[in-house]
>>> print(open('structure-v4.cif').read())   # mmCIF, C-alpha atoms
data_structure
loop_
_atom_site.label_atom_id
_atom_site.label_comp_id
_atom_site.auth_asym_id
_atom_site.auth_seq_id
_atom_site.Cartn_x
_atom_site.Cartn_y
_atom_site.Cartn_z
CA MET A 280 103.22 -62.80 -108.62
CA ALA A 281 105.05 -59.56 -108.00
CA LEU A 282 102.06 -57.68 -109.37
CA ILE A 283 99.75 -59.51 -106.99
CA GLN A 284 102.06 -58.81 -104.06
CA LYS A 285 102.11 -55.11 -104.97
CA SER A 286 98.33 -55.02 -105.18
CA VAL A 287 98.00 -56.71 -101.80
CA SER A 288 100.42 -54.24 -100.26
CA LYS A 289 98.35 -51.32 -101.50
CA ALA A 290 95.18 -52.90 -100.11
CA ALA A 291 96.85 -53.54 -96.77
CA ALA A 292 98.08 -49.97 -96.69
CA ALA A 293 94.58 -48.72 -97.45
CA ARG A 294 93.10 -50.87 -94.66
CA ARG A 295 95.77 -49.67 -92.26
CA LEU A 296 94.98 -46.08 -93.16
CA GLN A 297 91.27 -46.69 -92.60
CA ASP A 298 92.02 -48.28 -89.23
CA ASP A 299 94.18 -45.30 -88.25
CA GLU A 300 91.41 -42.92 -89.26
CA ARG A 301 88.91 -44.91 -87.18
CA VAL A 302 91.25 -44.73 -84.18
CA LEU A 303 91.63 -40.98 -84.60
CA GLU A 304 87.88 -40.59 -84.93
CA LEU A 305 87.31 -42.59 -81.75
CA GLU A 306 89.86 -40.46 -79.90
CA ARG A 307 87.89 -37.34 -80.84
CA VAL A 308 84.77 -38.69 -79.15
CA VAL A 309 84.34 -37.60 -75.54
CA GLN A 310 83.52 -40.60 -73.38
CA ASN A 311 81.12 -40.39 -70.46
CA LEU A 312 83.40 -40.97 -67.50
CA GLY A 313 82.10 -41.61 -64.03
CA ASN A 314 84.54 -40.56 -61.35
CA ARG A 315 87.47 -38.40 -60.49
CA GLU A 316 90.12 -41.06 -61.12
CA GLU A 317 88.82 -41.73 -64.64
CA TYR A 318 88.77 -38.03 -65.52
CA ALA A 319 92.26 -37.50 -64.13
CA GLY A 320 93.63 -40.58 -65.90
CA GLU A 321 92.14 -39.72 -69.30
CA ILE A 322 93.14 -36.05 -69.15
CA THR A 323 96.68 -36.95 -68.09
CA ARG A 324 96.96 -39.46 -70.94
CA LEU A 325 95.85 -36.87 -73.50
CA TRP A 326 98.16 -34.22 -72.05
CA GLY A 327 101.10 -36.59 -72.33
CA GLN A 328 100.41 -37.34 -75.98
CA ALA A 329 100.51 -33.75 -77.21
CA GLN A 330 99.32 -30.30 -76.23
CA GLU A 331 97.42 -30.19 -79.51
CA LYS A 332 94.87 -32.33 -77.71
CA PHE A 333 93.84 -29.31 -75.66
CA ILE A 334 90.36 -29.11 -77.19
CA LEU A 335 89.54 -32.64 -76.10
CA ILE A 336 91.15 -32.00 -72.71
CA GLY A 337 89.08 -28.85 -72.40
CA LYS A 338 85.89 -30.76 -73.17
CA TYR A 339 86.73 -33.24 -70.42
CA LEU A 340 87.34 -30.36 -68.03
CA MET A 341 83.99 -28.87 -69.00
CA GLN A 342 82.31 -32.20 -68.38
CA ALA A 343 84.15 -32.81 -65.11
CA LYS A 344 83.23 -29.38 -63.74
CA ILE A 345 79.55 -30.15 -64.34
CA ARG A 346 79.45 -33.77 -63.21
CA LEU A 347 81.88 -34.06 -60.31
CA PRO A 348 80.59 -33.38 -56.78
CA HIS A 349 81.13 -29.91 -55.37
CA GLY A 350 84.79 -29.26 -54.60
CA GLU A 351 86.16 -32.33 -56.38
CA TYR A 352 86.82 -30.53 -59.67
CA GLU A 353 89.17 -28.01 -58.03
CA ASP A 354 90.76 -30.70 -55.86
CA MET A 355 91.33 -32.92 -58.91
CA ILE A 356 93.16 -30.07 -60.66
CA ALA A 357 95.27 -29.35 -57.59
CA ARG A 358 96.21 -32.96 -56.84
CA ASP A 359 95.71 -35.23 -59.83
CA LEU A 360 96.47 -33.35 -63.06
CA PRO A 361 99.82 -32.48 -64.67
CA PHE A 362 98.89 -28.78 -64.92
CA GLY A 363 97.62 -26.14 -62.52
CA LYS A 364 94.47 -24.11 -61.96
CA LYS A 365 95.48 -21.32 -64.36
CA ALA A 366 96.21 -23.70 -67.24
CA ALA A 367 93.00 -25.62 -66.56
CA HIS A 368 90.98 -22.40 -66.72
CA MET A 369 92.64 -21.36 -69.98
CA ILE A 370 92.20 -24.78 -71.60
CA ARG A 371 88.54 -25.01 -70.57
CA ALA A 372 87.80 -21.46 -71.73
CA ALA A 373 89.52 -22.12 -75.07
CA ALA A 374 87.51 -25.30 -75.58
CA GLU A 375 84.28 -23.51 -74.64
CA ALA A 376 85.00 -20.82 -77.24
CA ILE A 377 85.40 -23.47 -79.92
CA GLU A 378 82.49 -25.58 -78.68
CA SER A 379 80.18 -22.54 -78.68
CA GLY A 380 81.20 -21.53 -82.20
CA ARG A 381 82.83 -18.19 -81.27
CA LEU A 382 86.07 -19.66 -82.61
CA HIS A 383 86.57 -22.47 -85.11
CA ALA A 384 89.19 -25.16 -84.72
CA ASN A 385 90.44 -24.70 -88.30
CA GLU A 386 91.10 -20.97 -87.83
CA VAL A 387 93.18 -21.09 -84.65
CA PRO A 388 96.62 -22.50 -83.76
CA PRO A 389 96.90 -25.82 -81.87
CA ASN A 390 97.89 -23.92 -78.74
CA TYR A 391 95.45 -23.38 -75.90
CA SER A 392 97.12 -20.20 -74.62
CA VAL A 393 96.75 -18.51 -78.02
CA VAL A 394 93.14 -19.64 -78.36
CA TYR A 395 92.45 -18.42 -74.83
CA ALA A 396 93.88 -15.00 -75.72
CA LEU A 397 91.52 -14.86 -78.71
CA ALA A 398 88.61 -16.02 -76.55
CA THR A 399 89.13 -13.08 -74.17
CA LEU A 400 88.36 -10.61 -76.97
CA THR A 401 84.91 -9.03 -76.98
CA ASP A 402 82.58 -9.89 -79.85
CA ASP A 403 83.29 -6.55 -81.54
CA GLN A 404 87.04 -6.98 -81.09
CA LEU A 405 86.87 -10.52 -82.46
CA THR A 406 84.96 -9.33 -85.52
CA LEU A 407 87.59 -6.65 -86.13
CA ALA A 408 90.40 -9.14 -85.57
CA ARG A 409 88.92 -11.43 -88.21
CA SER A 410 88.58 -8.54 -90.66
CA GLN A 411 92.26 -7.75 -90.14
CA GLY A 412 93.31 -11.37 -90.71
CA LEU A 413 94.48 -11.76 -87.12
CA VAL A 414 92.45 -14.93 -86.49
CA ASN A 415 94.52 -17.55 -88.29
CA PRO A 416 96.37 -20.79 -87.46
CA LYS A 417 99.73 -18.98 -87.27
CA VAL A 418 98.82 -16.06 -85.04
CA THR A 419 100.91 -15.62 -81.89
CA ARG A 420 100.09 -14.31 -78.43
CA PRO A 421 102.26 -11.18 -78.79
CA LYS A 422 100.26 -10.19 -81.87
CA ILE A 423 96.99 -10.67 -80.00
CA PHE A 424 98.26 -8.70 -77.00
CA ALA A 425 99.38 -5.88 -79.30
CA PHE A 426 95.91 -5.89 -80.86
CA LYS A 427 94.27 -5.69 -77.42
CA ARG A 428 96.56 -2.83 -76.36
CA SER A 429 95.37 -0.82 -79.35
CA PHE A 430 92.03 -0.42 -77.57
CA LEU A 431 93.59 1.13 -74.47
CA PRO A 432 93.69 4.93 -74.18
CA PRO A 433 97.17 6.37 -74.75
CA PRO A 434 99.04 7.38 -71.56
CA ASP A 435 99.10 11.04 -72.62
CA ALA A 436 95.32 11.07 -72.99
CA ASP A 437 94.91 9.62 -69.52
CA ARG A 438 97.29 12.23 -68.07
CA SER A 439 95.37 14.94 -69.87
CA ASP A 440 92.10 13.72 -68.35
CA ARG A 441 93.61 13.77 -64.86
CA SER A 442 95.00 17.26 -65.42
CA LEU A 443 91.58 18.50 -66.51
CA LEU A 444 89.95 16.94 -63.44
CA LEU A 445 92.56 18.55 -61.20
CA GLU A 446 91.91 21.97 -62.74
CA GLN A 447 88.16 21.54 -62.24
CA LEU A 448 88.69 20.62 -58.58
CA ARG A 449 90.93 23.63 -58.08
CA GLU A 450 88.24 25.88 -59.58
CA GLN A 451 85.65 24.36 -57.25
CA ARG A 452 87.96 24.95 -54.28
CA ARG A 453 88.49 28.60 -55.36
CA ARG A 454 84.73 29.16 -55.49
CA LEU A 455 84.29 27.52 -52.08
CA ASP A 456 87.02 29.74 -50.64
CA GLU A 457 85.25 32.81 -52.03
CA GLU A 458 81.92 31.71 -50.56
CA ILE A 459 83.52 31.00 -47.19
CA HIS A 460 85.17 34.42 -47.21
CA ARG A 461 81.85 36.09 -48.06
CA LEU A 462 80.07 34.30 -45.22
CA GLU A 463 82.83 35.21 -42.82
CA GLU A 464 82.41 38.87 -43.66
CA GLU A 465 78.62 38.64 -43.22
CA ILE A 466 78.90 36.98 -39.82
CA GLY A 467 81.65 39.26 -38.59
CA CYS A 468 85.32 39.44 -37.91
CA GLY A 469 87.01 36.60 -36.11
CA VAL A 470 85.17 33.74 -37.87
CA THR A 471 87.73 31.38 -39.25
CA ILE A 472 87.49 28.77 -42.00
CA ASP A 473 86.78 25.98 -39.52
CA GLY A 474 83.70 27.80 -38.27
CA THR A 475 85.07 28.85 -34.89
CA SER A 476 84.87 32.48 -33.77
CA ARG A 477 86.16 34.37 -30.76
CA GLN A 478 83.27 36.79 -31.02
CA VAL A 479 80.71 34.04 -31.25
CA ASP A 480 82.23 32.30 -28.21
CA GLU A 481 82.14 35.52 -26.22
CA MET A 482 78.46 36.05 -27.12
CA ALA A 483 77.69 32.50 -26.05
CA ASP A 484 79.42 33.06 -22.68
CA ALA A 485 77.42 36.22 -22.16
#
>>> encode(input="structure-v4.cif", output="structure tokens")
Amino acid sequence: MALIQKSVSKAAAARRLQDDERVLELERVVQNLGNREEYAGEITRLWGQAQEKFILIGKYLMQAKIRLPHGEYEDMIARDLPFGKKAAHMIRAAAEAIESGRLHANEVPPNYSVVYALATLTDDQLTLARSQGLVNPKVTRPKIFAFKRSFLPPPDADRSDRSLLLEQLREQRRRLDEEIHRLEEEIGCGVTIDGTSRQVDEMADA
């Protein structure tokens, strides 16, 4: 009898596991919702469960932006959702990156802000990041930001460029001063840099 009870318990556990897997599978399916209240309610429910649901939340945001009447998507975010415009943009952009295939769910952390940071990389930067092992489920935002900063010109180089431009402008001004001085001498004494001349005025009065 004990053996039978043990066998039944295993079977019940297996059925329960299958039921749980079916529930999880159903939760991954994006439903076709019809109005603002339904979108807000479903997104709020998912947000309350765990932030790891951001991909599904992002898909609902993508769907809502397309299907809701003009202006209602932004108003829903402002009034009905438990997060603001900035978070909504980041979540939607992160989900779009995964939905489009630029990023894969199994290679990124369950954190929308980290995935968003990866999504802002250019295609070339993303390829390089992958080659360096930066795209992985444990990567952090500071590491991504440090990677992005590596593409910025060093401050010294920028200062050097400005110094070179300044020197070129000074050389142009020197040449203009020489040309102005030459023209002044050709026209005659009294012509100043602003083009006025006592002699010219006197000739005009005559």
>>> residues_around(input="structure-v4.cif", residues="stretch 354-361 of chain A", least_positions_apart="5", cutoff="8 Å", atoms="only C-alpha atoms", output="compact mmCIF listing (two decimals) with C-alpha atoms, in the frame of the given file")
# COMPACT_ATOMS: atom_id res chain seq x y z
CA ARG A 315 87.47 -38.40 -60.49
CA ALA A 319 92.26 -37.50 -64.13
CA ILE A 322 93.14 -36.05 -69.15
CA THR A 323 96.68 -36.95 -68.09
CA TRP A 326 98.16 -34.22 -72.05
CA ALA A 367 93.00 -25.62 -66.56
>>> atom_distance(input="structure-v4.cif", atom1="atom CA of A:Ala376", atom2="atom CA of A:Ala398")
6.0 Å
>>> resolve_selection(input="structure-v4.cif", expression="the PyMOL selection byres ((chain A and resi 393) around 10)", output="list in words")
Met369, Ala373, Val387, Pro388, Pro389, Asn390, Tyr391, Ser392, Val394, Tyr395, Ala396, Leu397, Ala398, Pro416, Lys417, Val418, Thr419, Arg420, Pro421, Lys422, Ile423 and Phe424 of chain A
>>> atom_distance(input="structure-v4.cif", atom1="atom CA of A:Lys427", atom2="atom CA of A:Gly412")
14.5 Å
>>> atom_distance(input="structure-v4.cif", atom1="atom CA of A:Gln411", atom2="atom CA of A:Lys365")
29.3 Å
>>> closest_residue(input="structure-v4.cif", among="A:Glu446, A:Ile336, A:Glu386, A:Ile345", to="A:Arg371", atoms="only C-alpha atoms")
A:Ile336
>>> closest_residue(input="structure-v4.cif", among="A:Arg461, A:His368, A:Arg409, A:Arg441", to="A:Gly337", atoms="all atoms listed in the file")
A:His368
>>> resolve_selection(input="structure-v4.cif", expression="the PyMOL selection byres ((chain A and resi 310-314) around 12)", output="ChimeraX atom specification")
/A:305-309,315-322,335-336,338-348,351-352,355
